[in-house]
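J.: Data: my_file04.pdb, PDB, C-alpha atoms.
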ATOM      1  CA  MET A   1     -12.581  16.560   8.404  1.00  0.00           C
ATOM      2  CA  SER A   2     -14.510  14.802   5.733  1.00  0.00           C
ATOM      3  CA  TYR A   3     -14.430  12.811   2.572  1.00  0.00           C
ATOM      4  CA  GLU A   4     -15.831  15.783   0.637  1.00  0.00           C
ATOM      5  CA  ILE A   5     -12.927  18.043   1.656  1.00  0.00           C
ATOM      6  CA  VAL A   6     -10.258  15.550   0.630  1.00  0.00           C
ATOM      7  CA  GLU A   7     -12.048  14.792  -2.649  1.00  0.00           C
ATOM      8  CA  ALA A   8     -12.161  18.533  -3.427  1.00  0.00           C
ATOM      9  CA  MET A   9      -8.465  18.900  -2.591  1.00  0.00           C
ATOM     10  CA  LEU A  10      -7.578  16.042  -4.933  1.00  0.00           C
ATOM     11  CA  LYS A  11      -9.752  17.471  -7.699  1.00  0.00           C
ATOM     12  CA  GLN A  12      -8.112  20.887  -7.294  1.00  0.00           C
ATOM     13  CA  ARG A  13      -4.760  19.147  -7.887  1.00  0.00           C
ATOM     14  CA  GLY A  14      -6.075  17.383 -11.022  1.00  0.00           C
ATOM     15  CA  VAL A  15      -6.918  14.012  -9.476  1.00  0.00           C
ATOM     16  CA  THR A  16     -10.375  12.457  -9.646  1.00  0.00           C
ATOM     17  CA  ILE A  17     -11.699   9.450  -7.800  1.00  0.00           C
ATOM     18  CA  GLU A  18     -12.309   7.853 -11.203  1.00  0.00           C
ATOM     19  CA  SER A  19      -8.694   8.332 -12.290  1.00  0.00           C
ATOM     20  CA  ILE A  20      -7.543   6.480  -9.173  1.00  0.00           C
ATOM     21  CA  ALA A  21     -10.202   3.801  -9.703  1.00  0.00           C
ATOM     22  CA  GLU A  22      -8.874   3.178 -13.241  1.00  0.00           C
ATOM     23  CA  ILE A  23      -5.543   2.178 -11.702  1.00  0.00           C
ATOM     24  CA  VAL A  24      -7.292  -0.048  -9.163  1.00  0.00           C
ATOM     25  CA  PHE A  25      -9.196  -1.754 -11.990  1.00  0.00           C
ATOM     26  CA  THR A  26      -5.960  -2.340 -13.914  1.00  0.00           C
ATOM     27  CA  LEU A  27      -4.339  -3.893 -10.831  1.00  0.00           C
ATOM     28  CA  GLN A  28      -7.234  -6.198  -9.981  1.00  0.00           C
ATOM     29  CA  LYS A  29      -8.944  -7.176 -13.267  1.00  0.00           C
ATOM     30  CA  LYS A  30      -6.810 -10.263 -13.944  1.00  0.00           C
ATOM     31  CA  PHE A  31      -7.499 -11.617 -10.445  1.00  0.00           C
ATOM     32  CA  HIS A  32     -11.140 -10.582 -10.421  1.00  0.00           C
ATOM     33  CA  PRO A  33     -12.584 -11.123 -13.954  1.00  0.00           C
ATOM     34  CA  GLU A  34     -16.107  -9.936 -13.027  1.00  0.00           C
ATOM     35  CA  LEU A  35     -14.831  -6.752 -11.396  1.00  0.00           C
ATOM     36  CA  LYS A  36     -16.734  -3.605 -12.373  1.00  0.00           C
ATOM     37  CA  GLU A  37     -15.176  -0.166 -12.476  1.00  0.00           C
ATOM     38  CA  GLU A  38     -17.872   1.094 -10.103  1.00  0.00           C
ATOM     39  CA  GLU A  39     -16.579  -1.355  -7.466  1.00  0.00           C
ATOM     40  CA  CYS A  40     -13.156   0.250  -7.852  1.00  0.00           C
ATOM     41  CA  VAL A  41     -14.650   3.732  -7.415  1.00  0.00           C
ATOM     42  CA  GLU A  42     -16.432   2.536  -4.279  1.00  0.00           C
ATOM     43  CA  SER A  43     -13.214   1.037  -2.932  1.00  0.00           C
ATOM     44  CA  VAL A  44     -11.284   4.286  -3.470  1.00  0.00           C
ATOM     45  CA  ARG A  45     -14.057   6.184  -1.690  1.00  0.00           C
ATOM     46  CA  ALA A  46     -13.965   3.719   1.219  1.00  0.00           C
ATOM     47  CA  VAL A  47     -10.221   4.247   1.634  1.00  0.00           C
ATOM     48  CA  LEU A  48     -10.669   8.013   1.443  1.00  0.00           C
ATOM     49  CA  CYS A  49     -13.261   7.878   4.229  1.00  0.00           C
ATOM     50  CA  LYS A  50     -10.607   6.786   6.706  1.00  0.00           C
ATOM     51  CA  ARG A  51      -9.540   9.749   8.787  1.00  0.00           C
ATOM     52  CA  GLU A  52      -5.858   8.717   8.929  1.00  0.00           C
ATOM     53  CA  VAL A  53      -5.834   8.623   5.116  1.00  0.00           C
ATOM     54  CA  GLN A  54      -7.391  12.085   4.987  1.00  0.00           C
ATOM     55  CA  TYR A  55      -4.787  13.464   7.401  1.00  0.00           C
ATOM     56  CA  THR A  56      -1.975  11.982   5.324  1.00  0.00           C
ATOM     57  CA  LEU A  57      -3.371  13.574   2.166  1.00  0.00           C
ATOM     58  CA  TYR A  58      -3.772  16.969   3.842  1.00  0.00           C
ATOM     59  CA  THR A  59      -0.144  16.875   4.921  1.00  0.00           C
ATOM     60  CA  GLY A  60       1.324  15.810   1.572  1.00  0.00           C
ATOM     61  CA  ILE A  61      -0.815  18.153  -0.510  1.00  0.00           C
ATOM     62  CA  ALA A  62       0.024  21.076   1.794  1.00  0.00           C
ATOM     63  CA  LEU A  63       3.748  20.419   1.436  1.00  0.00           C
ATOM     64  CA  ASP A  64       3.462  20.270  -2.369  1.00  0.00           C
ATOM     65  CA  GLU A  65       1.510  23.536  -2.389  1.00  0.00           C
ATOM     66  CA  LEU A  66       3.986  25.271  -0.077  1.00  0.00           C
ATOM     67  CA  ALA A  67       6.843  24.115  -2.313  1.00  0.00           C
ATOM     68  CA  GLU A  68       5.061  25.567  -5.367  1.00  0.00           C
ATOM     69  CA  LYS A  69       4.801  28.913  -3.556  1.00  0.00           C
ATOM     70  CA  LYS A  70       8.445  28.645  -2.457  1.00  0.00           C
ATOM     71  CA  LEU A  71       7.442  28.907   1.190  1.00  0.00           C
ATOM     72  CA  LEU A  72       9.450  26.020   2.625  1.00  0.00           C
ATOM     73  CA  PRO A  73      12.742  26.548   4.430  1.00  0.00           C
ATOM     74  CA  GLN A  74      15.985  25.535   2.730  1.00  0.00           C
ATOM     75  CA  PRO A  75      17.189  22.938   2.057  1.00  0.00           C
ATOM     76  CA  LEU A  76      13.695  21.379   2.063  1.00  0.00           C
ATOM     77  CA  GLN A  77      12.537  23.784  -0.642  1.00  0.00           C
ATOM     78  CA  ALA A  78      15.389  22.788  -2.939  1.00  0.00           C
ATOM     79  CA  LEU A  79      14.871  19.077  -2.247  1.00  0.00           C
ATOM     80  CA  LEU A  80      11.201  19.248  -3.241  1.00  0.00           C
ATOM     81  CA  GLU A  81      11.840  21.438  -6.284  1.00  0.00           C
ATOM     82  CA  ALA A  82      14.390  18.895  -7.510  1.00  0.00           C
ATOM     83  CA  ASP A  83      12.225  15.921  -6.471  1.00  0.00           C
ATOM     84  CA  GLU A  84      15.436  14.555  -4.978  1.00  0.00           C
ATOM     85  CA  PRO A  85      15.571  10.780  -5.580  1.00  0.00           C
ATOM     86  CA  LEU A  86      16.927  10.010  -2.106  1.00  0.00           C
ATOM     87  CA  TYR A  87      14.202  12.041  -0.389  1.00  0.00           C
ATOM     88  CA  GLY A  88      11.904   9.234   0.741  1.00  0.00           C
ATOM     89  CA  VAL A  89       9.494  11.054   3.013  1.00  0.00           C
ATOM     90  CA  ASP A  90       6.901  11.129   0.221  1.00  0.00           C
ATOM     91  CA  GLU A  91       6.963   7.328  -0.054  1.00  0.00           C
ATOM     92  CA  THR A  92       6.920   7.023   3.732  1.00  0.00           C
ATOM     93  CA  LEU A  93       3.667   8.987   3.943  1.00  0.00           C
ATOM     94  CA  ALA A  94       2.121   6.912   1.152  1.00  0.00           C
ATOM     95  CA  LEU A  95       3.090   3.685   2.905  1.00  0.00           C
ATOM     96  CA  GLY A  96       0.968   4.817   5.838  1.00  0.00           C
ATOM     97  CA  ILE A  97      -2.039   4.606   3.524  1.00  0.00           C
ATOM     98  CA  THR A  98      -1.114   1.217   2.100  1.00  0.00           C
ATOM     99  CA  SER A  99      -0.466  -0.340   5.505  1.00  0.00           C
ATOM    100  CA  VAL A 100      -4.162  -0.071   6.334  1.00  0.00           C
ATOM    101  CA  TYR A 101      -4.714  -3.090   4.041  1.00  0.00           C
ATOM    102  CA  GLY A 102      -1.652  -5.216   4.712  1.00  0.00           C
ATOM    103  CA  MET A 103       1.213  -6.570   2.672  1.00  0.00           C
ATOM    104  CA  ILE A 104      -0.673  -6.704  -0.626  1.00  0.00           C
ATOM    105  CA  GLY A 105      -1.080  -2.936  -0.379  1.00  0.00           C
ATOM    106  CA  LEU A 106       2.646  -2.541   0.174  1.00  0.00           C
ATOM    107  CA  THR A 107       3.621  -4.696  -2.809  1.00  0.00           C
ATOM    108  CA  SER A 108       1.065  -2.975  -5.046  1.00  0.00           C
ATOM    109  CA  PHE A 109       2.451   0.394  -3.999  1.00  0.00           C
ATOM    110  CA  GLY A 110       5.984  -0.700  -4.928  1.00  0.00           C
ATOM    111  CA  TYR A 111       4.736  -1.787  -8.336  1.00  0.00           C
ATOM    112  CA  LEU A 112       2.895   1.502  -8.920  1.00  0.00           C
ATOM    113  CA  ASP A 113       5.857   3.540  -7.695  1.00  0.00           C
ATOM    114  CA  LYS A 114       7.954   1.966 -10.460  1.00  0.00           C
ATOM    115  CA  GLU A 115       5.353   1.694 -13.236  1.00  0.00           C
ATOM    116  CA  LYS A 116       3.810   5.189 -12.836  1.00  0.00           C
ATOM    117  CA  MET A 117       0.563   4.367 -14.644  1.00  0.00           C
ATOM    118  CA  GLY A 118      -2.411   6.616 -15.332  1.00  0.00           C
ATOM    119  CA  ILE A 119      -2.778   9.768 -13.274  1.00  0.00           C
ATOM    120  CA  ILE A 120       0.378   8.847 -11.323  1.00  0.00           C
ATOM    121  CA  GLU A 121       2.423   9.270 -14.507  1.00  0.00           C
ATOM    122  CA  THR A 122       0.709  12.600 -15.230  1.00  0.00           C
ATOM    123  CA  LEU A 123       1.533  13.888 -11.743  1.00  0.00           C
ATOM    124  CA  ASN A 124       5.092  12.628 -11.943  1.00  0.00           C
ATOM    125  CA  ASP A 125       5.899  14.419 -15.228  1.00  0.00           C
ATOM    126  CA  LYS A 126       6.759  17.644 -13.350  1.00  0.00           C
ATOM    127  CA  ASN A 127       5.078  19.876 -15.964  1.00  0.00           C
ATOM    128  CA  SER A 128       2.087  20.916 -13.901  1.00  0.00           C
ATOM    129  CA  GLY A 129       3.327  21.955 -10.481  1.00  0.00           C
ATOM    130  CA  VAL A 130       5.047  20.236  -7.590  1.00  0.00           C
ATOM    131  CA  HIS A 131       3.640  16.770  -6.918  1.00  0.00           C
ATOM    132  CA  VAL A 132       6.472  15.219  -4.936  1.00  0.00           C
ATOM    133  CA  PHE A 133       3.984  13.909  -2.392  1.00  0.00           C
ATOM    134  CA  LEU A 134       0.803  13.647  -4.435  1.00  0.00           C
ATOM    135  CA  ASP A 135       2.020  11.128  -7.019  1.00  0.00           C
ATOM    136  CA  ASP A 136       3.036   8.751  -4.215  1.00  0.00           C
ATOM    137  CA  LEU A 137      -0.115   9.431  -2.200  1.00  0.00           C
ATOM    138  CA  VAL A 138      -2.268   8.594  -5.228  1.00  0.00           C
ATOM    139  CA  ALA A 139      -0.251   5.397  -5.726  1.00  0.00           C
ATOM    140  CA  GLY A 140      -0.836   4.604  -2.051  1.00  0.00           C
ATOM    141  CA  LEU A 141      -4.572   5.218  -2.419  1.00  0.00           C
ATOM    142  CA  ALA A 142      -4.775   3.012  -5.502  1.00  0.00           C
ATOM    143  CA  ALA A 143      -2.729   0.277  -3.832  1.00  0.00           C
ATOM    144  CA  ALA A 144      -4.897   0.362  -0.700  1.00  0.00           C
ATOM    145  CA  ALA A 145      -8.146   0.339  -2.686  1.00  0.00           C
ATOM    146  CA  SER A 146      -6.814  -2.548  -4.773  1.00  0.00           C
ATOM    147  CA  ALA A 147      -5.818  -4.482  -1.652  1.00  0.00           C
ATOM    148  CA  ARG A 148      -9.252  -3.833  -0.179  1.00  0.00           C
ATOM    149  CA  ILE A 149     -10.827  -5.479  -3.237  1.00  0.00           C
ATOM    150  CA  ALA A 150      -8.396  -8.382  -3.048  1.00  0.00           C
ATOM    151  CA  HIS A 151      -9.300  -8.971   0.601  1.00  0.00           C
ATOM    152  CA  LYS A 152     -13.016  -9.049  -0.281  1.00  0.00           C
ATOM    153  CA  ASN A 153     -12.622 -11.412  -3.255  1.00  0.00           C
ATOM    154  CA  ILE A 154     -15.108 -14.228  -2.622  1.00  0.00           C
ATOM    155  CA  SER A 155     -13.276 -16.350  -5.192  1.00  0.00           C
ATOM    156  CA  ALA A 156     -10.183 -16.478  -3.009  1.00  0.00           C
ATOM    157  CA  LYS A 157      -9.182 -20.019  -2.170  1.00  0.00           C
ATOM    158  CA  ASN A 158     -10.246 -21.296   1.233  1.00  0.00           C
ATOM    159  CA  TYR A 159      -7.897 -23.621   3.054  1.00  0.00           C
ATOM    160  CA  PRO A 160      -9.245 -26.362   5.310  1.00  0.00           C
ATOM    161  CA  PHE A 161      -8.418 -26.453   8.975  1.00  0.00           C
ATOM    162  CA  ASN A 162      -7.430 -29.839  10.364  1.00  0.00           C
ATOM    163  CA  PRO A 163      -6.751 -29.674  14.110  1.00  0.00           C
TER     164      PRO A 163
END
Would you mind giving the structure from this file in structure tokens?
T.:
Amino acid sequence: MSYEIVEAMLKQRGVTIESIAEIVFTLQKKFHPELKEEECVESVRAVLCKREVQYTLYTGIALDELAEKKLLPQPLQALLEADEPLYGVDETLALGITSVYGMIGLTSFGYLDKEKMGIIETLNDKNSGVHVFLDDLVAGLAAAASARIAHKNISAKNYPFNP
């Protein structure tokens, strides 16, 4: 397993590292005024280098592709074709990605899941294939990469320790 494989899989589904990084930049720019888009690209790549993230992406993308080919058993096939609102397995997988970087990743994911910005909105529009899992996985990636930047922010306030 490798970063290159998962990047190629994302690209095949219409998602670039840069499109995810744009979301990361939007999430972090007000907290990090000197942030450069290249730092966001690097953060997305760092998240994608984690093997557990790669495995999660392989699983979600495979399920979307099988649903497009109508190869899933019923009622799962019908649930994915309808993008059933109460089917939460897609969010559950994405939360596995966000949890790598703590609570800020979780809250950012919730925000992105509601706001559907950038490539997430494109994937969610249901005009270009089945992306039941991928839109949430991309939101999870963006949230994790954003949280990673937040954790590294040298401008974060330090609190004194008084034993």
J.: Once the PyMOL selection byres ((chain A and resi 94) around 12) has been applied to the shown file, what residues remain in the selection, as a ChimeraX atom specification?
T.: /A:52-61,88-93,95-100,105-106,108-110,112-113,132-144
J.: A:Ala21, A:Leu27, A:Ala8, A:Val130: which is nearest Glu39 in chain A, counting all atoms listed in the file?
T.: A:Ala21
J.: Taking all atoms listed in the file into account, name the residue in A:Lys50, A:Met117, A:Lys30, A:Val15 that is nearest to Tyr3 in chain A.
T.: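 That would be A:Lys50, the residue with the smallest distance to Tyr3 in chain A.
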J.: Report, in Å with one decimal, the straight-line distance from CA of Leu48 in chain A to CA of Lys126 in chain A.
T.: 24.8 Å
J.: Once you add 5 Å to each side, what are the centre and edge lengths of the axis-aligned box holding all listed atoms of range 53-72 of chain A? One decimal in Å, as AutoDock Vina command-line options, if you can.
T.:
--center_x 1.0 --center_y 18.8 --center_z 1.0 --size_x 26.8 --size_y 30.3 --size_z 22.8
J.: Could you give me, as JSON, numbers by chain, the residues within 12 Å of Thr16 in chain A, counting all atoms listed in the file and dropping anything in the same chain fewer than 2 positions from it?
T.: {"A": [6, 7, 8, 9, 10, 11, 12, 13, 14, 18, 19, 20, 21, 22, 23, 41, 44, 45, 48, 118, 119, 120, 138, 141, 142]}
J.: Point out the residue among A:Asp64, A:Ile5, A:Pro160, A:Ile149 with the least atom-to-atom distance to Leu76 in chain A, counting all atoms listed in the file.
T.: A:Asp64
